[in-house]
Each structure stands twice: as C-alpha cells, then as structure tokens.
Amino acid sequence: MLQRIQKLGGFLAGMVIPNIGAFIAWGLITALFIPTGWLAKTGLDWDWGVITDNTVGPMIYYLLPLLIAYTGGKMIHGHRGGVLGAVAVMGVIGGASFELASGATGNPPQFLGAMLVGPLAGWVMMKVDAWLEDKTPGGFEMLYNNFSQGISGVVMAMLGYVIIGPIVSAVARAFGNMVEGITDSGLLPLADLPIEVGKILFLNNAINHGVLTPLGTTDAAETGRSIYYMLESNPGPGLGLLLAFWVAGKGLAKLSAPGAIIIHFLGGIHEVYFPYVLMNPVMIGAMWAGGITADIVFVIFDAGLVGPPSPGSIFAYLSLLPSSGGPVVGVLLGVLAGAGASFFVGTILLRLFPVRDMGDEEDDGSSLADAMPNIPGLPT
C-alpha cells in the first residue's frame with residue numbers, strides 16, 4: 001500500500017515537475033509585480049493592480065493548470081491525450097467555485113482538477129483512437145482524428161464543468177470549513193493538519209484567502225495583529241522540508257532543492273515544494289511537525305503579523321512584524337522552529353522511506369497503471 005501511494009504521488013508529481021520552470025516564472029512575476037511586491041516597494045508609479053490582473057492572475061488560473069493537464073494527458077496518450085487534457089481542464093476551471101460556511105466565496109486555481117482530468121482525458125483519447133483504428137477508411141485519417149478529438153473535447157469539457165469542477169470545489173469547501181471549525185474550537189495548532197494537506201493539493205489560496213485572511217482581518221482590527229495571517233503562509237516548514245531533500249534526498253529532488261529554497265523562502269512561492277511532498281507522500285509528516293511546532297510557538301508568544309503577507313516570503317514577514325516586544329520574537333522563533341522541526345522529521349523520514357529518483361524508469365511512478373494496477377486498459 002505504501003508503495004502504491006508513493007507511486008501515485010510520483011505520478012501526480014510527474015505532471016508538475018516538468019513544468020516547474022513555469023511555476024518559477026510565475027513566482028518571480030508575482031514577487032516582482034503584485035501591489036505588495038518588490039518593485040512596488042521601490043516607489044515606481046505603475047498601476048500594479050492592472051499588471052497583476054493581466055499577468056499574475058491569468059498565469060495561475062489558466063496557464064499553469066493547462067500545462068499540468070496537458071502533461072498528464074500526454075503521459076497517458078502522447079500529444080493527442082495532452083491536447084484533450086488541456087481542453088478538458090477549461091471546463092473544470094469554469095465549473096469550480098465554492099462558498100464556505102462563513103459566507104466567504106472563491107474560485108481556487110485548478111491544479112487539483114488538472115491532475116484529475118488530464119490523465120482521464122488522455123485515457124479517453126486512447127480508448128477513442130483504439131476504437132476508431134479499424135473503422136477509419138483510407139485517406140480519411142486526418143478527418144477522423146480531428147473530429148474525434150474535437151467531439152471528445154466537448155464531452156470532456158462539459159464533464160469537467162458539470163462534475164469534476166463541482167467535486168474539486170466540494171473538496172476545497174470541506175478543507176476550508178474544517179479549518180474554520182478547528183480554529184473556532186480553540187485548537188488552533190491542530191488547524192495545520194488540514195491546512196498542509198490542502199496546500200499540497202494546491203488549495204493553499206482557497207484556504208488562505210477564503211478562510212484565514214478574513215479571520216485575520218477581524219482579529220487584527222481588534223488587537224493590531226493576527227496569528228491567522230501566519231497559519232498558511234509561514235515559510236519555515238517548507239524551508240525545512242526542502243533542506244531535508246537537499247541533505248537526505250537523491251536524484252532530481254536533491255538537485256532541484258536549492259533552487260526551490262530560493263523561490264520558496266525568499267520569493268514566497270510555496271507551490272514549488274508541493275511536488276516534493278506528492279512524490280513521497282509520507283513527507284506530509286514533516287510538514288505537520290513543522291507547522292504544528294511553529295503554531296505552538298506563535299500561541300505561546302501571542303505572535304501575529306499586522307497584515308497578510310503576500311507573497312509568503314521571509315521578506316514579507318519582516319515587513320509586517322509588529323512594532324516591538326514579544327510578538328516580534330515569537331514570529332521569528334516560530335519560523336525558525338517550524339523550519340527546524342520539519343527538517344529534523346523530514347530527514348528521518350527520507351532515511352526510512354527514501355524518495356524514488358524520478359529519473360529511474362522503473363521507480364519513478366510515472367505509470368498510472370503501476371500506481372493503480374487494478375484499473376484495466378491503462379498503458380504499462
């Protein structure tokens with residue numbers, strides 16, 4: 001069971017890892033050009049909101065899910081499967097939205113939806129092509145191929161809009177309501193359990209902006225600072241995880257970890273570490289250890305930030321520290337404690353459950369049939 005989970009995680013990560021360059025490009029654009037980004041703080045008189053709406057938003061809502069879905073479909077059935085996956089995910093993007101119990105609404109980026117519909121579309125295209133192979137008259141191959149793909153695209157896009165999009169929205173809503181319930185019960189450090197699971201499923205924006213930022217805004221209006229701003233955005237646990245991969249990992253995970261550390265900790269783009277957990281799901285334990293440890297430190301020191309850090313980098317944290325006193329010490333100690341705990345636990349887990357080298361054809365988990373061998377018809 002552990003092997004199959006790891007292989008399935010490797011397959012999911014295999015849809016993201018080839019597109020890490022696009023994630024880094026989006027991360028750098030985000031860090032530079034959003035209204036709270038690095039260039040805005042230089043005093044340049046540009047309309048940062050318009051730049052964000054025209055670049056950052058379309059990239060995370062459309063470009064990145066399209067790339068993931070295309071890659072997933074291509075892994076199953078080559079270019080034709082990839083194209084159908086890209087078409088299908090547009091339906092998912094259009095059909096996904098959610099409303100939490102508190103009334104907050106949102107439409108999170110559909111990375112999870114892309115991971116679901118991309119391979120499914122590739123499998124559908126493979127089956128359609130196999131069915132038509134002996135039924136296509138000579139000389140009509142291009143006509144049959146184009147129209148079969150187009151008709152399949154309509155069906156898959158509508159399936160994504162009507163079924164998959166709402167399912168992904170229900171998952172986002174469930175995680176958001178769970179976080180709200182835990183925090184309302186006074187068990188705030190335990191909120192990290194659903195938060196970290198939601199993050200590696202790329203629901204981080206839904207949880208942060210849909211749940212935690214509204215709670216933090218209300219809290220900060222009363223006390224001048226809020227711990228809610230730090231529950232999801234804390235860069236410490238992710239730093240410790242990537243350091244663990246750098247020290248105890250192997251292959252592509254080890255080689256890419258230093259660059260990911262820069263983008264994550266300095267740039268605040270947490271999405272770059274999610275594939276590292278997906279390729280070895282047991283590493284969620286390291287994220288829980290780091291997040292819960294950091295949250296306990298935050299609670300002990302009554303720490304909080306004066307506003308939501310955007311993006312969640314150490315520089316954003318430093319710029320939003322309270323004026324002085326214990327809360328400042330608590331924020332910094334919480335970040336360090338989270339990094340230390342996730343690094344310690346992550347290193348142990350990687351020694352006990354070594355990450356599979358994604359360059360190894362036999363162990364990279366790139367075959368969905370290996371991950372779920374009971375599904376008939378998938379390529380080996």
# chains A, B, ... in the order shown; residues from 1 in each chain; ligands from 1
>>> residues_around(residues="segment 57-65 of chain A", least_positions_apart="3", cutoff="12 Å", atoms="only C-alpha atoms", output="MDAnalysis selection string")
chainID A and resid 15:30 33:34 49:54 68:72 85:94 96 107:118 202 205 269 271
>>> select_by_dssp(residues="segment 63-303 of chain A", states="strand (DSSP E or B)", output="number ranges by chain")
A: 98-99, 105-106, 226
>>> write_last_selection(atoms="N, CA and C atoms", output="compact mmCIF listing (two decimals), in the first residue's frame")
# COMPACT_ATOMS: atom_id res chain seq x y z
N PHE A 98 -16.66 27.92 -4.87
CA PHE A 98 -17.10 27.38 -3.59
C PHE A 98 -17.56 28.50 -2.67
N GLU A 99 -18.34 28.12 -1.67
CA GLU A 99 -18.77 29.06 -0.63
C GLU A 99 -18.65 28.35 0.71
N THR A 105 -16.46 33.28 -0.38
CA THR A 105 -16.52 32.57 -1.65
C THR A 105 -15.17 32.63 -2.34
N GLY A 106 -14.98 31.78 -3.32
CA GLY A 106 -13.71 31.79 -4.04
C GLY A 106 -13.74 30.84 -5.22
N SER A 226 -2.48 39.58 13.99
CA SER A 226 -3.25 38.34 13.98
C SER A 226 -2.36 37.15 13.67
>>> atom_distance(atom1="atom CA of Leu332 of chain A", atom2="atom CA of Asn234 of chain A")
10.3 Å
>>> residues_around(residues="Ser233 of chain A", least_positions_apart="6", cutoff="10 Å", atoms="only C-alpha atoms", output="list in words")
Asn204, Asn205, Asn208, Leu212, Gly268, Ile269, His270, Pro308, Pro309, Ser310, Pro311, Gly312, Ser313, Ile314, Ala316 and Tyr317 of chain A
>>> atom_distance(atom1="atom CA of Leu243 of chain A", atom2="atom CA of Phe301 of chain A")
26.2 Å
>>> closest_residue(among="A:Val179, A:Ile262, A:Leu333, A:Ala303", to="Leu239 of chain A", atoms="only C-alpha atoms")
A:Ile262
>>> closest_residue(among="A:Ile182, A:Ile167, A:Leu320, A:Ala40", to="Leu305 of chain A", atoms="only C-alpha atoms")
A:Leu320
>>> atom_distance(atom1="atom CA of Lys199 of chain A", atom2="atom CA of Phe274 of chain A")
7.3 Å
>>> residues_around(residues="Met158 of chain A", least_positions_apart="2", cutoff="9 Å", atoms="only C-alpha atoms", output="number ranges by chain")
A: 88, 91-92, 95, 153-156, 160-163
>>> write_last_selection(atoms="N, CA and C atoms", output="mmCIF file, in the first residue's frame")
data_model
loop_
_atom_site.group_PDB
_atom_site.id
_atom_site.type_symbol
_atom_site.label_atom_id
_atom_site.label_comp_id
_atom_site.auth_asym_id
_atom_site.auth_seq_id
_atom_site.Cartn_x
_atom_site.Cartn_y
_atom_site.Cartn_z
ATOM 1 N N ALA A 88 -10.112 19.735 -21.672
ATOM 2 C CA ALA A 88 -10.989 19.306 -20.584
ATOM 3 C C ALA A 88 -10.837 20.174 -19.341
ATOM 4 N N GLY A 91 -13.037 23.246 -18.863
ATOM 5 C CA GLY A 91 -14.349 23.025 -18.269
ATOM 6 C C GLY A 91 -14.292 22.987 -16.757
ATOM 7 N N VAL A 92 -13.233 22.361 -16.220
ATOM 8 C CA VAL A 92 -13.067 22.313 -14.769
ATOM 9 C C VAL A 92 -12.890 23.715 -14.205
ATOM 10 N N GLY A 95 -16.168 25.460 -14.064
ATOM 11 C CA GLY A 95 -17.193 24.908 -13.189
ATOM 12 C C GLY A 95 -16.841 24.875 -11.724
ATOM 13 N N GLY A 153 -13.365 16.488 -26.959
ATOM 14 C CA GLY A 153 -13.093 17.699 -26.197
ATOM 15 C C GLY A 153 -14.346 18.332 -25.640
ATOM 16 N N VAL A 154 -15.401 18.366 -26.451
ATOM 17 C CA VAL A 154 -16.679 18.914 -25.977
ATOM 18 C C VAL A 154 -17.196 18.099 -24.803
ATOM 19 N N VAL A 155 -17.176 16.778 -24.955
ATOM 20 C CA VAL A 155 -17.689 15.893 -23.891
ATOM 21 C C VAL A 155 -16.870 16.056 -22.612
ATOM 22 N N MET A 156 -15.531 16.057 -22.738
ATOM 23 C CA MET A 156 -14.681 16.146 -21.555
ATOM 24 C C MET A 156 -14.784 17.511 -20.886
ATOM 25 N N GLY A 160 -15.998 18.112 -17.154
ATOM 26 C CA GLY A 160 -15.256 18.907 -16.183
ATOM 27 C C GLY A 160 -16.096 20.002 -15.573
ATOM 28 N N TYR A 161 -16.916 20.641 -16.390
ATOM 29 C CA TYR A 161 -17.742 21.763 -15.905
ATOM 30 C C TYR A 161 -18.844 21.279 -14.953
ATOM 31 N N VAL A 162 -19.482 20.173 -15.311
ATOM 32 C CA VAL A 162 -20.665 19.723 -14.569
ATOM 33 C C VAL A 162 -20.311 18.839 -13.377
ATOM 34 N N ILE A 163 -19.249 18.012 -13.508
ATOM 35 C CA ILE A 163 -18.967 17.007 -12.481
ATOM 36 C C ILE A 163 -17.651 17.277 -11.751
#
>>> closest_residue(among="A:Leu193, A:Leu12, A:Val83, A:Ile207", to="Gly150 of chain A", atoms="only C-alpha atoms")
A:Val83
>>> closest_residue(among="A:Leu66, A:Met279, A:Ile292, A:Val197", to="Gly236 of chain A", atoms="only C-alpha atoms")
A:Ile292
>>> closest_residue(among="A:Gly216, A:Glu133, A:Tyr276, A:Phe265", to="Leu252 of chain A", atoms="only C-alpha atoms")
A:Tyr276
>>> closest_residue(among="A:Ala248, A:Leu242, A:Ala170, A:Ala130", to="Phe353 of chain A", atoms="only C-alpha atoms")
A:Ala248
>>> residues_around(residues="Glu196 of chain A", least_positions_apart="3", cutoff="10 Å", atoms="only C-alpha atoms", output="compact mmCIF listing (two decimals) with C-alpha atoms, in the first residue's frame")
# COMPACT_ATOMS: atom_id res chain seq x y z
CA ALA A 191 -5.51 23.52 12.14
CA ASP A 192 -2.20 22.77 10.47
CA LEU A 193 -3.34 19.18 9.81
CA LYS A 199 -1.70 23.02 0.47
CA ILE A 200 -0.07 20.07 -1.25
CA LEU A 201 -3.32 19.62 -3.19
CA PHE A 202 -2.81 23.23 -4.35
CA LEU A 203 -5.75 24.52 -2.30
CA ASN A 204 -3.49 26.95 -0.45
CA LEU A 231 -1.04 29.67 9.71
CA GLU A 232 -0.80 29.00 5.97
CA PRO A 237 8.13 24.38 7.43
CA PHE A 274 4.23 20.80 -3.09
CA ILE A 284 3.41 15.25 4.93
CA GLY A 285 4.51 14.16 8.42
CA MET A 287 5.11 19.42 7.21
CA TRP A 288 2.76 18.62 10.09
CA GLY A 291 3.56 23.62 11.09
>>> decode(residues="segment 167-254 of chain A", atoms="C-alpha atoms", output="PDB file, in the first residue's frame")
ATOM      1  CA  ILE A 167     -16.227  17.885  -6.933  1.00  0.00           C
ATOM      2  CA  VAL A 168     -12.990  19.862  -6.602  1.00  0.00           C
ATOM      3  CA  SER A 169     -14.995  22.778  -5.201  1.00  0.00           C
ATOM      4  CA  ALA A 170     -16.546  20.465  -2.616  1.00  0.00           C
ATOM      5  CA  VAL A 171     -13.054  19.341  -1.563  1.00  0.00           C
ATOM      6  CA  ALA A 172     -11.946  22.967  -1.189  1.00  0.00           C
ATOM      7  CA  ARG A 173     -15.088  23.797   0.767  1.00  0.00           C
ATOM      8  CA  ALA A 174     -14.589  20.804   3.072  1.00  0.00           C
ATOM      9  CA  PHE A 175     -10.998  21.787   3.866  1.00  0.00           C
ATOM     10  CA  GLY A 176     -11.990  25.409   4.440  1.00  0.00           C
ATOM     11  CA  ASN A 177     -14.840  24.529   6.783  1.00  0.00           C
ATOM     12  CA  MET A 178     -12.582  22.085   8.651  1.00  0.00           C
ATOM     13  CA  VAL A 179     -10.006  24.823   9.258  1.00  0.00           C
ATOM     14  CA  GLU A 180     -12.745  27.181  10.439  1.00  0.00           C
ATOM     15  CA  GLY A 181     -14.131  24.571  12.827  1.00  0.00           C
ATOM     16  CA  ILE A 182     -10.755  23.763  14.366  1.00  0.00           C
ATOM     17  CA  THR A 183      -9.816  27.397  14.922  1.00  0.00           C
ATOM     18  CA  ASP A 184     -13.258  28.199  16.367  1.00  0.00           C
ATOM     19  CA  SER A 185     -12.804  25.310  18.823  1.00  0.00           C
ATOM     20  CA  GLY A 186      -9.631  26.846  20.266  1.00  0.00           C
ATOM     21  CA  LEU A 187      -7.372  24.083  18.909  1.00  0.00           C
ATOM     22  CA  LEU A 188      -5.506  26.429  16.623  1.00  0.00           C
ATOM     23  CA  PRO A 189      -2.200  24.487  16.215  1.00  0.00           C
ATOM     24  CA  LEU A 190      -4.161  21.441  15.030  1.00  0.00           C
ATOM     25  CA  ALA A 191      -5.509  23.519  12.143  1.00  0.00           C
ATOM     26  CA  ASP A 192      -2.199  22.768  10.474  1.00  0.00           C
ATOM     27  CA  LEU A 193      -3.341  19.181   9.814  1.00  0.00           C
ATOM     28  CA  PRO A 194      -5.952  20.068   7.153  1.00  0.00           C
ATOM     29  CA  ILE A 195      -4.013  23.167   6.053  1.00  0.00           C
ATOM     30  CA  GLU A 196      -0.928  21.203   4.996  1.00  0.00           C
ATOM     31  CA  VAL A 197      -2.985  18.528   3.237  1.00  0.00           C
ATOM     32  CA  GLY A 198      -4.911  21.234   1.421  1.00  0.00           C
ATOM     33  CA  LYS A 199      -1.696  23.020   0.470  1.00  0.00           C
ATOM     34  CA  ILE A 200      -0.070  20.067  -1.251  1.00  0.00           C
ATOM     35  CA  LEU A 201      -3.321  19.623  -3.195  1.00  0.00           C
ATOM     36  CA  PHE A 202      -2.808  23.233  -4.354  1.00  0.00           C
ATOM     37  CA  LEU A 203      -5.754  24.520  -2.303  1.00  0.00           C
ATOM     38  CA  ASN A 204      -3.494  26.949  -0.453  1.00  0.00           C
ATOM     39  CA  ASN A 205      -5.028  30.086  -1.960  1.00  0.00           C
ATOM     40  CA  ALA A 206      -8.541  28.878  -1.206  1.00  0.00           C
ATOM     41  CA  ILE A 207      -7.681  28.214   2.435  1.00  0.00           C
ATOM     42  CA  ASN A 208      -5.601  31.352   2.904  1.00  0.00           C
ATOM     43  CA  HIS A 209      -7.742  33.930   1.119  1.00  0.00           C
ATOM     44  CA  GLY A 210     -11.093  32.242   1.679  1.00  0.00           C
ATOM     45  CA  VAL A 211     -10.724  31.369   5.382  1.00  0.00           C
ATOM     46  CA  LEU A 212      -7.654  32.693   7.176  1.00  0.00           C
ATOM     47  CA  THR A 213      -7.321  36.214   5.764  1.00  0.00           C
ATOM     48  CA  PRO A 214     -10.931  37.185   6.654  1.00  0.00           C
ATOM     49  CA  LEU A 215     -10.420  35.774  10.166  1.00  0.00           C
ATOM     50  CA  GLY A 216      -7.096  37.608  10.452  1.00  0.00           C
ATOM     51  CA  THR A 217      -8.568  40.896   9.281  1.00  0.00           C
ATOM     52  CA  THR A 218     -11.220  40.780  12.008  1.00  0.00           C
ATOM     53  CA  ASP A 219      -8.641  39.777  14.611  1.00  0.00           C
ATOM     54  CA  ALA A 220      -6.154  42.468  13.573  1.00  0.00           C
ATOM     55  CA  ALA A 221      -8.818  45.155  13.754  1.00  0.00           C
ATOM     56  CA  GLU A 222      -9.198  44.380  17.460  1.00  0.00           C
ATOM     57  CA  THR A 223      -5.611  43.639  18.537  1.00  0.00           C
ATOM     58  CA  GLY A 224      -3.436  45.202  15.838  1.00  0.00           C
ATOM     59  CA  ARG A 225      -2.029  41.859  14.726  1.00  0.00           C
ATOM     60  CA  SER A 226      -3.253  38.338  13.977  1.00  0.00           C
ATOM     61  CA  ILE A 227      -1.888  34.810  14.142  1.00  0.00           C
ATOM     62  CA  TYR A 228      -4.260  33.745  11.357  1.00  0.00           C
ATOM     63  CA  TYR A 229      -2.074  35.521   8.817  1.00  0.00           C
ATOM     64  CA  MET A 230       0.719  33.043   9.599  1.00  0.00           C
ATOM     65  CA  LEU A 231      -1.039  29.668   9.707  1.00  0.00           C
ATOM     66  CA  GLU A 232      -0.800  29.004   5.972  1.00  0.00           C
ATOM     67  CA  SER A 233       1.824  31.495   4.834  1.00  0.00           C
ATOM     68  CA  ASN A 234       4.646  30.521   7.251  1.00  0.00           C
ATOM     69  CA  PRO A 235       7.716  29.805   5.051  1.00  0.00           C
ATOM     70  CA  GLY A 236       9.548  27.921   7.831  1.00  0.00           C
ATOM     71  CA  PRO A 237       8.125  24.382   7.427  1.00  0.00           C
ATOM     72  CA  GLY A 238       8.599  24.443   3.660  1.00  0.00           C
ATOM     73  CA  LEU A 239      12.188  25.594   4.128  1.00  0.00           C
ATOM     74  CA  GLY A 240      12.892  22.674   6.457  1.00  0.00           C
ATOM     75  CA  LEU A 241      11.315  20.210   4.036  1.00  0.00           C
ATOM     76  CA  LEU A 242      13.435  21.403   1.111  1.00  0.00           C
ATOM     77  CA  LEU A 243      16.573  21.368   3.267  1.00  0.00           C
ATOM     78  CA  ALA A 244      15.789  17.760   4.164  1.00  0.00           C
ATOM     79  CA  PHE A 245      15.544  16.848   0.483  1.00  0.00           C
ATOM     80  CA  TRP A 246      18.813  18.685  -0.166  1.00  0.00           C
ATOM     81  CA  VAL A 247      20.578  16.744   2.596  1.00  0.00           C
ATOM     82  CA  ALA A 248      18.878  13.327   2.512  1.00  0.00           C
ATOM     83  CA  GLY A 249      17.160  13.179  -0.883  1.00  0.00           C
ATOM     84  CA  LYS A 250      18.522  11.858  -4.141  1.00  0.00           C
ATOM     85  CA  GLY A 251      18.271  12.398  -7.872  1.00  0.00           C
ATOM     86  CA  LEU A 252      16.223  15.266  -9.276  1.00  0.00           C
ATOM     87  CA  ALA A 253      14.657  16.045  -5.890  1.00  0.00           C
ATOM     88  CA  LYS A 254      18.077  16.621  -4.308  1.00  0.00           C
TER      89      LYS A 254
END
